[in-house]
file start_14.cif (mmCIF, C-alpha atoms)
data_protein
loop_
_atom_site.group_PDB
_atom_site.id
_atom_site.type_symbol
_atom_site.label_atom_id
_atom_site.label_comp_id
_atom_site.auth_asym_id
_atom_site.auth_seq_id
_atom_site.Cartn_x
_atom_site.Cartn_y
_atom_site.Cartn_z
ATOM 1 C CA MET A 206 -114.529 29.751 164.446
ATOM 2 C CA GLU A 207 -117.163 31.115 162.075
ATOM 3 C CA LYS A 208 -116.129 34.658 163.064
ATOM 4 C CA LEU A 209 -112.498 33.851 162.245
ATOM 5 C CA GLN A 210 -113.522 32.599 158.800
ATOM 6 C CA TYR A 211 -115.275 35.887 158.072
ATOM 7 C CA ILE A 212 -112.164 37.799 159.145
ATOM 8 C CA ILE A 213 -109.931 35.675 156.885
ATOM 9 C CA ILE A 214 -112.316 36.049 153.918
ATOM 10 C CA GLY A 215 -112.527 39.818 154.476
ATOM 11 C CA ALA A 216 -108.763 40.100 154.687
ATOM 12 C CA ALA A 217 -108.363 38.086 151.474
ATOM 13 C CA ILE A 218 -110.861 40.299 149.631
ATOM 14 C CA GLY A 219 -109.154 43.422 150.941
ATOM 15 C CA PHE A 220 -105.758 42.115 149.863
ATOM 16 C CA ALA A 221 -107.113 41.282 146.380
ATOM 17 C CA LEU A 222 -108.567 44.798 146.061
ATOM 18 C CA LEU A 223 -105.276 46.308 147.157
ATOM 19 C CA VAL A 224 -103.334 44.283 144.571
ATOM 20 C CA THR A 225 -105.838 45.282 141.870
ATOM 21 C CA ILE A 226 -105.496 48.972 142.763
ATOM 22 C CA ILE A 227 -101.692 48.728 142.701
ATOM 23 C CA VAL A 228 -101.759 47.077 139.255
ATOM 24 C CA ILE A 229 -104.085 49.788 137.896
ATOM 25 C CA ILE A 230 -101.842 52.544 139.287
ATOM 26 C CA ILE A 231 -98.749 50.956 137.715
ATOM 27 C CA LYS A 232 -100.495 50.741 134.329
ATOM 28 C CA LEU A 233 -101.687 54.337 134.542
ATOM 29 C CA ARG A 234 -98.211 55.534 135.429
ATOM 30 C CA GLY A 235 -96.860 53.627 132.465
ATOM 31 C CA LYS A 236 -99.310 55.421 130.198
ATOM 32 C CA GLU A 237 -98.433 58.774 131.764
ATOM 33 C CA LYS A 238 -94.772 58.047 131.167
ATOM 34 C CA TYR A 239 -95.496 57.164 127.559
ATOM 35 C CA ARG A 240 -97.564 60.313 127.063
ATOM 36 C CA GLU A 241 -95.256 62.612 128.979
ATOM 37 C CA PRO A 242 -93.584 64.209 125.906
ATOM 38 C CA LEU A 243 -97.006 65.452 124.761
ATOM 39 C CA LEU A 244 -97.789 67.150 128.072
ATOM 40 C CA PRO A 245 -96.656 70.628 129.097
ATOM 41 C CA ARG A 246 -93.874 70.814 131.658
ATOM 42 C CA GLU A 247 -93.794 73.654 134.122
ATOM 43 C CA LYS A 248 -90.623 75.722 134.102
ATOM 44 C CA GLY A 249 -90.932 78.554 136.605
ATOM 45 C CA ASN A 250 -94.259 80.188 135.747
ATOM 46 C CA VAL A 251 -94.187 79.068 132.114
ATOM 47 C CA PHE A 252 -95.494 75.841 130.637
ATOM 48 C CA VAL A 253 -92.993 74.512 128.110
ATOM 49 C CA TYR A 254 -94.333 72.184 125.420
ATOM 50 C CA LYS A 255 -92.202 69.594 123.708
ATOM 51 C CA ARG A 256 -91.567 70.651 120.114
ATOM 52 C CA ASP A 257 -93.729 68.884 117.545
ATOM 53 C CA GLU A 258 -91.019 67.681 115.175
ATOM 54 C CA SER A 259 -93.453 66.441 112.513
ATOM 55 C CA HIS A 260 -95.012 69.915 112.305
ATOM 56 C CA GLN A 261 -91.543 71.467 111.976
ATOM 57 C CA ILE A 262 -90.657 69.029 109.185
ATOM 58 C CA LYS A 263 -93.822 70.080 107.327
ATOM 59 C CA GLU A 264 -92.974 73.774 107.770
ATOM 60 C CA ASP A 265 -89.417 73.209 106.552
ATOM 61 C CA GLN A 266 -90.723 71.326 103.514
ATOM 62 C CA VAL A 267 -93.166 74.137 102.692
ATOM 63 C CA VAL A 268 -90.385 76.740 102.713
ATOM 64 C CA MET A 269 -88.075 74.394 100.760
ATOM 65 C CA ASN A 270 -90.729 73.980 98.042
ATOM 66 C CA ALA A 271 -90.958 77.762 97.725
ATOM 67 C CA ARG A 272 -87.167 78.250 97.583
ATOM 68 C CA LEU A 273 -86.650 75.523 94.981
ATOM 69 C CA TYR A 274 -89.412 76.858 92.747
ATOM 70 C CA LEU A 275 -88.267 80.494 92.923
ATOM 71 C CA ARG A 276 -84.759 79.568 91.742
ATOM 72 C CA SER A 277 -86.083 79.398 88.180
ATOM 73 C CA THR A 278 -87.893 82.772 88.378
ATOM 74 C CA ILE A 279 -86.984 86.450 88.727
ATOM 75 C CA TYR A 280 -88.283 86.443 92.319
ATOM 76 C CA SER A 281 -86.553 85.848 95.646
ATOM 77 C CA LEU A 282 -88.088 84.601 98.874
ATOM 78 C CA GLN A 283 -88.384 87.043 101.763
ATOM 79 C CA ASP A 284 -90.380 85.077 104.313
ATOM 80 C CA ARG A 285 -93.425 82.906 104.840
ATOM 81 C CA ILE A 286 -96.655 84.728 105.725
ATOM 82 C CA GLN A 287 -98.211 82.736 108.547
ATOM 83 C CA ARG A 288 -101.968 81.981 108.406
ATOM 84 C CA PHE A 289 -102.546 84.590 105.702
ATOM 85 C CA GLY A 290 -105.786 83.155 104.336
ATOM 86 C CA SER A 291 -108.707 80.980 105.397
ATOM 87 C CA ARG A 292 -107.558 77.851 103.517
ATOM 88 C CA LEU A 293 -105.536 75.661 105.851
ATOM 89 C CA ASP A 294 -103.689 73.959 102.988
ATOM 90 C CA LYS A 295 -102.799 77.156 101.118
ATOM 91 C CA GLU A 296 -99.387 78.657 101.879
ATOM 92 C CA TYR A 297 -98.380 82.275 101.287
ATOM 93 C CA PHE A 298 -94.971 83.886 100.946
ATOM 94 C CA SER A 299 -93.664 87.415 100.758
ATOM 95 C CA ILE A 300 -91.334 87.610 97.753
ATOM 96 C CA LEU A 301 -89.397 90.319 95.900
ATOM 97 C CA GLY A 302 -89.079 91.019 92.185
ATOM 98 C CA ASN A 303 -86.111 92.557 90.423
ATOM 99 C CA SER A 304 -87.464 96.091 90.002
ATOM 100 C CA LEU A 305 -85.555 99.063 91.433
ATOM 101 C CA ASN A 306 -88.852 100.394 92.779
ATOM 102 C CA LYS A 307 -89.460 98.727 96.169
ATOM 103 C CA ILE A 308 -93.241 99.168 95.936
ATOM 104 C CA GLU A 309 -93.275 97.401 92.576
ATOM 105 C CA ASN A 310 -91.045 94.692 94.056
ATOM 106 C CA ASP A 311 -93.415 93.633 96.828
ATOM 107 C CA ARG A 312 -95.216 90.458 95.754
ATOM 108 C CA VAL A 313 -97.221 87.655 97.336
ATOM 109 C CA MET A 314 -96.827 84.057 96.172
ATOM 110 C CA SER A 315 -99.311 81.332 97.031
ATOM 111 C CA MET A 316 -98.977 77.560 96.824
ATOM 112 C CA VAL A 317 -101.942 75.224 97.105
ATOM 113 C CA PRO A 318 -102.433 71.493 96.403
ATOM 114 C CA VAL A 319 -104.340 70.704 93.224
ATOM 115 C CA SER A 320 -107.248 68.282 93.490
ATOM 116 C CA LYS A 321 -106.192 64.888 92.109
ATOM 117 C CA GLN A 322 -109.801 64.207 91.124
ATOM 118 C CA TRP A 323 -110.018 67.290 88.887
ATOM 119 C CA PRO A 324 -110.400 66.412 85.163
ATOM 120 C CA VAL A 325 -108.333 69.361 83.834
ATOM 121 C CA PRO A 326 -105.005 67.758 82.683
ATOM 122 C CA LEU A 327 -102.629 70.104 84.534
ATOM 123 C CA SER A 328 -99.992 67.386 84.871
ATOM 124 C CA THR A 329 -99.084 67.716 81.178
ATOM 125 C CA GLU A 330 -97.116 70.590 79.656
ATOM 126 C CA VAL A 331 -99.922 71.253 77.164
ATOM 127 C CA GLY A 332 -102.466 71.407 79.994
ATOM 128 C CA ARG A 333 -100.286 73.807 82.016
ATOM 129 C CA ALA A 334 -99.695 76.049 78.994
ATOM 130 C CA THR A 335 -103.438 76.172 78.312
ATOM 131 C CA PHE A 336 -104.107 76.986 81.967
ATOM 132 C CA ARG A 337 -101.605 79.883 81.898
ATOM 133 C CA SER A 338 -102.982 81.299 78.642
ATOM 134 C CA ILE A 339 -106.575 81.176 79.908
ATOM 135 C CA ILE A 340 -105.662 83.063 83.093
ATOM 136 C CA LYS A 341 -103.570 85.643 81.244
ATOM 137 C CA SER A 342 -106.417 86.284 78.775
ATOM 138 C CA LEU A 343 -108.319 88.071 81.559
ATOM 139 C CA GLU A 344 -105.828 90.959 81.600
ATOM 140 C CA VAL A 345 -108.164 92.930 79.332
ATOM 141 C CA HIS A 346 -110.594 93.680 82.183
ATOM 142 C CA PRO A 347 -109.898 96.606 84.553
ATOM 143 C CA PHE A 348 -111.571 94.985 87.578
ATOM 144 C CA ILE A 349 -109.799 91.628 87.529
ATOM 145 C CA SER A 350 -106.449 90.970 89.231
ATOM 146 C CA VAL A 351 -104.441 88.830 86.847
ATOM 147 C CA PRO A 352 -101.503 86.997 88.464
ATOM 148 C CA LEU A 353 -98.047 88.026 87.345
ATOM 149 C CA LEU A 354 -97.251 84.316 87.240
ATOM 150 C CA VAL A 355 -99.313 81.129 87.366
ATOM 151 C CA ASP A 356 -97.810 77.680 87.227
ATOM 152 C CA ILE A 357 -98.145 74.055 88.282
ATOM 153 C CA ILE A 358 -95.441 71.967 89.969
ATOM 154 C CA PRO A 359 -96.523 68.498 88.765
ATOM 155 C CA GLU A 360 -94.115 66.473 90.919
ATOM 156 C CA LYS A 361 -95.437 68.246 94.040
ATOM 157 C CA ASN A 362 -99.024 68.526 92.781
ATOM 158 C CA LEU A 363 -98.972 72.233 93.695
ATOM 159 C CA ALA A 364 -100.422 75.289 91.974
ATOM 160 C CA VAL A 365 -98.419 78.513 92.194
ATOM 161 C CA SER A 366 -99.522 82.101 91.665
ATOM 162 C CA VAL A 367 -97.741 85.420 92.158
ATOM 163 C CA ARG A 368 -99.611 88.695 92.562
ATOM 164 C CA PRO A 369 -98.662 92.238 93.527
ATOM 165 C CA PHE A 370 -99.062 93.012 97.211
ATOM 166 C CA TYR A 371 -101.821 95.591 97.648
ATOM 167 C CA SER A 372 -101.243 97.697 100.761
ATOM 168 C CA LYS A 373 -104.991 97.988 101.434
ATOM 169 C CA GLY A 374 -105.371 94.241 101.190
ATOM 170 C CA SER A 375 -108.720 92.671 100.400
ATOM 171 C CA LEU A 376 -112.219 94.091 100.580
ATOM 172 C CA ARG A 377 -112.661 92.148 103.824
ATOM 173 C CA ASP A 378 -109.560 93.880 105.228
ATOM 174 C CA TYR A 379 -111.066 97.211 104.181
ATOM 175 C CA ILE A 380 -114.425 96.449 105.817
ATOM 176 C CA HIS A 381 -112.741 95.448 109.072
ATOM 177 C CA GLN A 382 -109.951 98.060 108.773
ATOM 178 C CA SER A 383 -107.312 95.422 109.465
ATOM 179 C CA LYS A 384 -103.733 95.056 108.285
ATOM 180 C CA PRO A 385 -103.485 92.649 105.324
ATOM 181 C CA LYS A 386 -100.609 90.505 106.635
ATOM 182 C CA MET A 387 -102.076 89.899 110.079
ATOM 183 C CA PRO A 388 -103.050 86.266 110.847
ATOM 184 C CA TYR A 389 -106.448 85.542 109.314
ATOM 185 C CA ALA A 390 -108.041 84.369 112.581
ATOM 186 C CA ASP A 391 -107.074 87.554 114.432
ATOM 187 C CA LYS A 392 -107.836 90.428 112.086
ATOM 188 C CA TYR A 393 -111.610 90.384 111.715
ATOM 189 C CA ASP A 394 -112.787 90.992 115.274
ATOM 190 C CA THR A 395 -114.180 94.446 114.482
ATOM 191 C CA HIS A 396 -116.611 95.297 111.689
ATOM 192 C CA PHE A 397 -117.334 98.643 110.050
ATOM 193 C CA GLN A 398 -120.314 99.443 107.856
ATOM 194 C CA LEU A 399 -119.431 101.024 104.518
ATOM 195 C CA ASN A 400 -121.428 104.016 103.331
ATOM 196 C CA GLU A 401 -123.883 103.729 100.459
ATOM 197 C CA LYS A 402 -121.659 105.611 98.009
ATOM 198 C CA ILE A 403 -118.740 103.202 98.525
ATOM 199 C CA ILE A 404 -121.034 100.153 98.421
ATOM 200 C CA SER A 405 -122.521 101.367 95.140
ATOM 201 C CA LYS A 406 -119.086 102.038 93.628
ATOM 202 C CA PHE A 407 -117.526 98.754 94.728
ATOM 203 C CA GLY A 408 -120.662 96.772 93.920
ATOM 204 C CA LYS A 409 -120.726 98.150 90.358
ATOM 205 C CA GLN A 410 -117.065 97.253 89.766
ATOM 206 C CA ILE A 411 -117.477 93.715 91.108
ATOM 207 C CA LEU A 412 -120.668 93.188 89.112
ATOM 208 C CA GLU A 413 -119.000 94.339 85.885
ATOM 209 C CA ALA A 414 -116.197 91.830 86.424
ATOM 210 C CA LEU A 415 -118.703 89.035 87.160
ATOM 211 C CA ILE A 416 -120.696 89.841 84.012
ATOM 212 C CA PHE A 417 -117.495 89.765 81.952
ATOM 213 C CA LEU A 418 -116.573 86.324 83.315
ATOM 214 C CA LYS A 419 -120.111 85.056 82.755
ATOM 215 C CA ASN A 420 -120.320 86.417 79.180
ATOM 216 C CA ASN A 421 -117.009 84.751 78.328
ATOM 217 C CA ASN A 422 -117.970 81.419 79.938
ATOM 218 C CA PHE A 423 -115.324 81.600 82.669
ATOM 219 C CA PRO A 424 -116.241 79.595 85.778
ATOM 220 C CA TYR A 425 -115.693 81.387 89.104
ATOM 221 C CA PHE A 426 -117.857 80.472 92.148
ATOM 222 C CA HIS A 427 -115.165 81.846 94.514
ATOM 223 C CA LEU A 428 -116.514 85.344 95.052
ATOM 224 C CA ASN A 429 -116.179 86.552 98.643
ATOM 225 C CA ALA A 430 -114.738 89.656 100.310
ATOM 226 C CA SER A 431 -111.316 88.030 100.783
ATOM 227 C CA ASN A 432 -111.047 87.365 97.030
ATOM 228 C CA VAL A 433 -111.629 91.005 96.103
ATOM 229 C CA LEU A 434 -108.392 93.013 96.247
ATOM 230 C CA LEU A 435 -108.285 96.796 96.633
ATOM 231 C CA ASP A 436 -105.969 98.909 94.515
ATOM 232 C CA ASP A 437 -106.703 102.360 95.953
ATOM 233 C CA GLN A 438 -110.466 102.683 95.256
ATOM 234 C CA VAL A 439 -110.608 99.985 92.583
ATOM 235 C CA CYS A 440 -111.924 96.487 93.304
ATOM 236 C CA LEU A 441 -110.135 93.604 91.599
ATOM 237 C CA LEU A 442 -111.527 90.067 91.506
ATOM 238 C CA SER A 443 -108.850 87.501 92.330
ATOM 239 C CA ASP A 444 -108.332 83.762 92.802
ATOM 240 C CA TYR A 445 -110.550 82.856 89.831
ATOM 241 C CA GLU A 446 -107.859 80.299 88.927
ATOM 242 C CA ASN A 447 -109.277 78.256 91.840
ATOM 243 C CA ALA A 448 -112.038 77.080 89.523
ATOM 244 C CA PHE A 449 -109.452 75.311 87.320
ATOM 245 C CA LEU A 450 -107.734 73.674 90.302
ATOM 246 C CA GLY A 451 -110.753 71.830 91.728
ATOM 247 C CA LEU A 452 -110.755 73.888 94.964
ATOM 248 C CA GLU A 453 -113.910 74.118 97.082
ATOM 249 C CA PRO A 454 -115.470 77.607 97.192
ATOM 250 C CA ARG A 455 -115.603 79.282 100.597
ATOM 251 C CA LEU A 456 -119.417 79.338 100.465
ATOM 252 C CA SER A 457 -119.745 75.852 98.955
ATOM 253 C CA ASP A 458 -122.159 74.472 101.585
ATOM 254 C CA TYR A 459 -124.361 77.553 101.304
ATOM 255 C CA ILE A 460 -124.238 77.501 97.496
ATOM 256 C CA ARG A 461 -125.319 73.841 97.341
ATOM 257 C CA GLN A 462 -128.478 74.595 99.311
ATOM 258 C CA PHE A 463 -129.712 77.016 96.642
ATOM 259 C CA SER A 464 -127.895 75.823 93.498
ATOM 260 C CA ASP A 465 -131.141 74.708 91.865
ATOM 261 C CA LYS A 466 -132.796 78.092 92.482
ATOM 262 C CA ILE A 467 -130.152 80.763 91.932
ATOM 263 C CA ASP A 468 -126.828 81.210 90.134
ATOM 264 C CA PRO A 469 -123.917 80.663 92.593
ATOM 265 C CA ASP A 470 -122.181 83.918 91.632
ATOM 266 C CA VAL A 471 -125.418 85.880 92.051
ATOM 267 C CA LEU A 472 -125.874 84.349 95.503
ATOM 268 C CA SER A 473 -122.242 85.115 96.445
ATOM 269 C CA PHE A 474 -122.636 88.681 95.188
ATOM 270 C CA GLY A 475 -125.712 89.136 97.400
ATOM 271 C CA CYS A 476 -123.761 87.872 100.417
ATOM 272 C CA LEU A 477 -120.953 90.312 99.563
ATOM 273 C CA LEU A 478 -123.341 93.279 99.409
ATOM 274 C CA PHE A 479 -124.783 92.253 102.768
ATOM 275 C CA GLU A 480 -121.274 92.087 104.293
ATOM 276 C CA MET A 481 -120.458 95.581 103.049
ATOM 277 C CA ALA A 482 -123.741 97.102 104.253
ATOM 278 C CA CYS A 483 -124.202 95.467 107.678
#
call {"tool": "encode", "arguments": {"input": "start_14.cif", "output": "structure tokens"}}
result
Amino acid sequence: MEKLQYIIIGAAIGFALLVTIIVIIIKLRGKEKYREPLLPREKGNVFVYKRDESHQIKEDQVVMNARLYLRSTIYSLQDRIQRFGSRLDKEYFSILGNSLNKIENDRVMSMVPVSKQWPVPLSTEVGRATFRSIIKSLEVHPFISVPLLVDIIPEKNLAVSVRPFYSKGSLRDYIHQSKPKMPYADKYDTHFQLNEKIISKFGKQILEALIFLKNNNFPYFHLNASNVLLDDQVCLLSDYENAFLGLEPRLSDYIRQFSDKIDPDVLSFGCLLFEMAC
């Protein structure tokens, strides 16, 4: 009798475990079914992912913003340049002007969100006009790339700039001998050391531009090899409008560590020389 009781108890425990396992499996399958659209499905030898509609909506909105803005300008949209720069929230577009010369027509437009915490009143027409006049005032220097157009879209909280497209790209493109319009994450795998003559020439041009900005009390803090454009053998500082938009410098974490000991632009210039020489 006692043996029979043990058998019954064991059977009951086994049955309870079986029911528990079945319940767990059902719940897991329910979760798998819920998550199925996010998982790749195998089709032949290729895994096919369900399209991320929210990402597509964002991409469509980005292109729509560019098209709507360009309607009021002399430029026309060619296409979006995917992953052109290191900023994830900055979008780039290949656009055309109205010149008969195709080389002069090739332009690059950027759009980037403006910091809402920034004290510069860019939401007002007076603030935007002041911003444009400040940027345009830098045209007097031979080693600064002044945008052909700078503007703010207040309802979208976006800053817009249009620059010529330089076939040699940035100084970083030159150092790595990469094509300017390649995706940013893919074009800097190789590294080439510049010779002393080129380093001296480029370094002098960049330093002259920095001294000009400093002497005229223009903030910058965004010096890096990607923000130096190459027009043949002439270096042109670019993206200095970032300082008026509240954008974080590329080397911001590094700059903060030494901000009490050395000027940020001097530190960035040292890093740039190191990148050219090593």
call {"tool": "closest_residue", "arguments": {"input": "start_14.cif", "among": "A:Leu477, A:Val325, A:Leu301, A:Asn432", "to": "Thr278 of chain A", "atoms": "all atoms listed in the file"}}
result
A:Leu301
call {"tool": "resolve_selection", "arguments": {"input": "start_14.cif", "expression": "the PyMOL selection byres ((chain A and resi 441-450) around 10)", "output": "PyMOL selection string"}}
result
chain A and resi 317-327+336-337+339-340+346-352+355+357+363-364+366+368+375-376+407+410-412+414-415+418+423-436+438-440+451-454
call {"tool": "atom_distance", "arguments": {"input": "start_14.cif", "atom1": "atom CA of Cys476 of chain A", "atom2": "atom CA of Asn400 of chain A"}}
result
16.6 Å
call {"tool": "atom_distance", "arguments": {"input": "start_14.cif", "atom1": "atom CA of Leu399 of chain A", "atom2": "atom CA of Leu478 of chain A"}}
result
10.1 Å
call {"tool": "closest_residue", "arguments": {"input": "start_14.cif", "among": "A:Ser315, A:Gln287, A:Ser383, A:Asn303", "to": "Tyr274 of chain A", "atoms": "all atoms listed in the file"}}
result
A:Ser315
call {"tool": "closest_residue", "arguments": {"input": "start_14.cif", "among": "A:Pro388, A:Gly408, A:Pro469, A:Gly302", "to": "Leu354 of chain A", "atoms": "only C-alpha atoms"}}
result
A:Gly302
